[in-house]
Amino acid sequence: MRKICLTVVGLLLIMVHAFSQYTAPASGEYKSMNLKLEETNLVTTYYSQTGNHSPVTGGIGTQQLTDFANIIDLKFVKWDIFDHKHSLDFELGVDHHTAASSAYVSKTGASKTGGTRIYPSLSWTKENEAKRSSFGLGLAYSGEYNYHSLGMNMQFSKRSKDNNREFNFKTNIFLDKVTLIEPSEFQPTTSTTVNTVVITTASGGRVTTSGYSASGASSGIPTSPRNTFATSMSLSQVVNQRMQLAVIADGVAQTGYLGLPFHRVYFTDGSVHIEALPETRFKVPLGLRLNYFAGDKLIIRTYYRYYTDSWGIHAHTASIETPFKITPFISVSPFYRYYVQTAAKYFAPYMAHTAADTYYTSNYDYSAFASQTEGVNLRIAPPKGLLGTKHFSMIELRYAHYNQTTELNANNITMNLKFK
Amino acid sequence: MQKKSIVIGLCVMATALSVTSCRPVKAYQKSRINDAEMQLSARKAEKGEMNFQAYREGASGANGGKVGGGCGCN
């Protein structure tokens with residue numbers, strides 16, 4: 001954790017230093033033929049959660065969790081001889097989390113509770129101003145001790161002649177691998193010594209490791225694939241001088257191992273099982289965003305989403321955010337989000353499933369519940385920059401409180417620093 | 001089911017009405033539309049929230065965030 005904090009502070013200082021050496025072109029019309037750093041974003045998030053329905057312990061037990069995430073996002077641009085703009089985006093994220101329930105992967109509570117996820121991504125976009133279109137490709141990786149993912153994406157966009165309408169198409173493929181770490185009682189024998197745990201894998205093999213460490217625990221344990229194919233289409237439209245909206249339609253198909261191997265399910269007879277879910281899932285989320293600039297200082301940002309999937313979940317999401325401009329460069333935005341979903345066909349709480357069920361889970365993420373998120377966003381973006389540094393162009397602070405009717409509560413605080 | 005169809009129908013109608021009543025807006029008239037707070041995408045500072053919602057809720061997508069792949073989320 002300390003290393004991550006020091007890394008973030010270090011990166012921040014490097015960025016301030018780097019931009020202080022940069023000389024901006026004299027005219028905004030200048031189009032560099034060389035790749036140059038256009039924008040840098042540093043995003044730091046701290047999340048903490050409490051609850052009492054952990055799926056690791058079959059729908060009962062602590063859901064205490066913290067997550068500290070840091071993302072650096074670098075955007076480079078250049079123009080080619082045909083006046084096409086090329087953008088190269090590099091993003092690197094590092095999350096460190098602690099989850100109290102992870103300790104109970106081992107029945108004695110001896111498993112490690114912390115873990116780190118690293119997720120770099122690279123994307124390239126080519127914009128053709130004459131044709132008002134763009135095309136892009138991207139690659140992404142995400143790795144943590146029990147989950148690895150390789151992602152690829154392609155996107156295309158086209159604007160109307162008057163630049164008031166834009167169509168976007170994006171397709172994503174994720175090829176993931178779930179490491180099959182199962183609860184300790186599913187192994188024939190468990191011997192726990194100082195920092196040593198014997199894990200029995202899904203295939204019956206046994207691996208001895210020093211706790212569930214990020215490097216050592218998953219080596220030698222079999223994995224199972226999870227593939228995701230997603231397409232997203234959106235159409236945005238400027239309605240008038242004060243209003244614009246976007247309609248978004250996604251289609252997602254998932255195949256492979258879609259549960260998690262360390263989630264327990266207790267049947268009515270008291271027997272314990274590993275969560276079993278179908279190997280396919282289709283999701284259809286449909287969204288609508290509508291933003292309206294009321295008067296000179298108030299903006300109303302609204303969002304609605306309808307969601308349905310093949311596991312029987314139907315959900316509605318509605319949110320409103322109202323940025324109020326204290327000055328042209330400082331805005332305060334209170335926001336509220338309401339979410340409600342029906343339960344998946346395969347969900348039942350602790351000791352409610354029976355041997356007659358083909359699929360079963362006691363993961364409360366699939367239960368019927370409603371949630372509310374409320375918070376505030378502060379954005380400061382003075383034209384002369386912050387802290388006397390012209391290139392330190394924006395700071396955004398955001399706090400959100402989240403609560404579910406399942407009694408899960410969470411707080412999230414985010415800081416975004418932008419350098420241009 | 002009927003209730004759902006009504007909600008979806010209303011959304012489609014609202015969108016259709018808004019789009020068909022669009023007035024052409026010239027580039028010099030877009031000072032409000034181009035305001036940073038008017039962006040139709042989610043803020044970068046919202047990324048953390050969208051992540052934990054994708055983990056803690058059954059639904060995801062149609063917001064520029066995660067759709068189920070790339071993480072151990074739903």
# chains A, B, ... in the order shown; residues from 1 in each chain; ligands from 1
call {"tool": "residues_around", "arguments": {"residues": "segment 66-68 of chain B", "least_positions_apart": "6", "cutoff": "8 Å", "atoms": "only C-alpha atoms", "output": "PDB file with C-alpha atoms, in the first residue's frame"}}
result
ATOM      1  CA  THR A 228     -17.008 -12.085 -23.374  1.00  0.00           C
ATOM      2  CA  ALA A 230     -19.658  -7.227 -26.502  1.00  0.00           C
ATOM      3  CA  VAL A 252     -23.137  -8.888 -24.569  1.00  0.00           C
TER       4      VAL A 252
ATOM      5  CA  MET B  50     -18.984   2.394 -12.187  1.00  0.00           C
ATOM      6  CA  ASN B  51     -16.485  -0.348 -11.313  1.00  0.00           C
ATOM      7  CA  ALA B  54     -20.508  -3.509 -11.925  1.00  0.00           C
ATOM      8  CA  SER B  60     -23.872  -3.462 -16.224  1.00  0.00           C
ATOM      9  CA  ASN B  74     -20.697  -9.858 -12.796  1.00  0.00           C
TER      10      ASN B  74
END
call {"tool": "interface_residues", "arguments": {"of": "chain B", "to": "chain A", "cutoff": "6 Å", "atoms": "only C-alpha atoms", "output": "JSON, numbers by chain"}}
result
{"B": [22, 23, 45, 56, 57, 58, 61, 62, 69, 70]}
call {"tool": "write_last_selection", "arguments": {"atoms": "N, CA and C atoms", "output": "PDB file, in the first residue's frame"}}
result
ATOM      1  N   CYS B  22     -35.339  18.497 -33.387  1.00  0.00           N
ATOM      2  CA  CYS B  22     -34.022  19.130 -33.303  1.00  0.00           C
ATOM      3  C   CYS B  22     -33.966  20.378 -34.179  1.00  0.00           C
ATOM      4  N   ARG B  23     -33.260  21.387 -33.673  1.00  0.00           N
ATOM      5  CA  ARG B  23     -33.025  22.569 -34.485  1.00  0.00           C
ATOM      6  C   ARG B  23     -31.543  22.576 -34.856  1.00  0.00           C
ATOM      7  N   ALA B  45     -13.753  10.692 -13.245  1.00  0.00           N
ATOM      8  CA  ALA B  45     -13.846  10.517 -11.795  1.00  0.00           C
ATOM      9  C   ALA B  45     -14.968   9.558 -11.401  1.00  0.00           C
ATOM     10  N   ARG B  56     -21.050  -5.109  -7.737  1.00  0.00           N
ATOM     11  CA  ARG B  56     -22.066  -5.313  -6.695  1.00  0.00           C
ATOM     12  C   ARG B  56     -23.480  -5.466  -7.218  1.00  0.00           C
ATOM     13  N   GLU B  57     -23.685  -5.215  -8.520  1.00  0.00           N
ATOM     14  CA  GLU B  57     -25.036  -5.275  -9.071  1.00  0.00           C
ATOM     15  C   GLU B  57     -25.084  -6.253 -10.240  1.00  0.00           C
ATOM     16  N   GLY B  58     -26.255  -6.813 -10.488  1.00  0.00           N
ATOM     17  CA  GLY B  58     -26.409  -7.787 -11.566  1.00  0.00           C
ATOM     18  C   GLY B  58     -26.311  -7.156 -12.946  1.00  0.00           C
ATOM     19  N   GLY B  61     -23.196  -2.141 -18.139  1.00  0.00           N
ATOM     20  CA  GLY B  61     -23.180  -1.755 -19.551  1.00  0.00           C
ATOM     21  C   GLY B  61     -24.032  -0.549 -19.865  1.00  0.00           C
ATOM     22  N   ALA B  62     -24.005  -0.155 -21.151  1.00  0.00           N
ATOM     23  CA  ALA B  62     -24.714   1.025 -21.675  1.00  0.00           C
ATOM     24  C   ALA B  62     -24.318   2.307 -20.944  1.00  0.00           C
ATOM     25  N   GLY B  69     -16.742  -8.509 -18.836  1.00  0.00           N
ATOM     26  CA  GLY B  69     -15.442  -9.116 -19.123  1.00  0.00           C
ATOM     27  C   GLY B  69     -14.327  -8.299 -18.529  1.00  0.00           C
ATOM     28  N   GLY B  70     -13.126  -8.908 -18.494  1.00  0.00           N
ATOM     29  CA  GLY B  70     -11.950  -8.144 -18.076  1.00  0.00           C
ATOM     30  C   GLY B  70     -11.743  -8.070 -16.592  1.00  0.00           C
TER      31      GLY B  70
END
call {"tool": "closest_residue", "arguments": {"among": "A:Arg281, A:His391, A:Lys112, A:His263", "to": "Tyr350 of chain A", "atoms": "only C-alpha atoms"}}
result
A:His263
call {"tool": "residues_around", "arguments": {"residues": "Ser133 of chain A", "least_positions_apart": "6", "cutoff": "7 Å", "atoms": "only C-alpha atoms", "output": "number ranges by chain"}}
result
A: 127, 157-159
call {"tool": "write_last_selection", "arguments": {"atoms": "N, CA and C atoms", "output": "compact mmCIF listing (two decimals), in the first residue's frame"}}
result
# COMPACT_ATOMS: atom_id res chain seq x y z
N GLU A 127 -8.43 9.86 -36.76
CA GLU A 127 -9.58 10.70 -37.08
C GLU A 127 -9.38 11.36 -38.44
N SER A 157 -16.54 5.64 -35.63
CA SER A 157 -17.55 6.69 -35.40
C SER A 157 -17.68 7.56 -36.65
N LYS A 158 -18.86 8.16 -36.80
CA LYS A 158 -19.13 9.01 -37.96
C LYS A 158 -20.03 10.16 -37.51
N ARG A 159 -19.61 11.39 -37.87
CA ARG A 159 -20.41 12.56 -37.52
C ARG A 159 -21.20 13.06 -38.74
call {"tool": "closest_atom_pairs", "arguments": {"of": "segment 334-395 of chain A", "to": "segment 270-279 of chain A", "cutoff": "7 Å", "atoms": "only C-alpha atoms", "output": "tab-separated table"}}
result
residue	atom	partner	partner_atom	distance
A:Met351	CA	A:Gly270	CA	6.6
A:Tyr359	CA	A:Ala276	CA	5.0
A:Tyr360	CA	A:Ala276	CA	5.3
A:Thr361	CA	A:Glu275	CA	5.0
call {"tool": "closest_residue", "arguments": {"among": "A:Leu65, A:Val105, A:Leu122, A:Met154", "to": "Leu180 of chain A", "atoms": "only C-alpha atoms"}}
result
A:Val105
call {"tool": "closest_atom_pairs", "arguments": {"of": "segment 88-113 of chain A", "to": "segment 123-126 of chain A", "cutoff": "10 Å", "atoms": "only C-alpha atoms", "output": "tab-separated table"}}
result
residue	atom	partner	partner_atom	distance
A:Leu88	CA	A:Trp124	CA	4.6
A:Asp89	CA	A:Ser123	CA	5.1
A:Phe90	CA	A:Ser123	CA	6.7
A:Glu91	CA	A:Ser123	CA	8.8
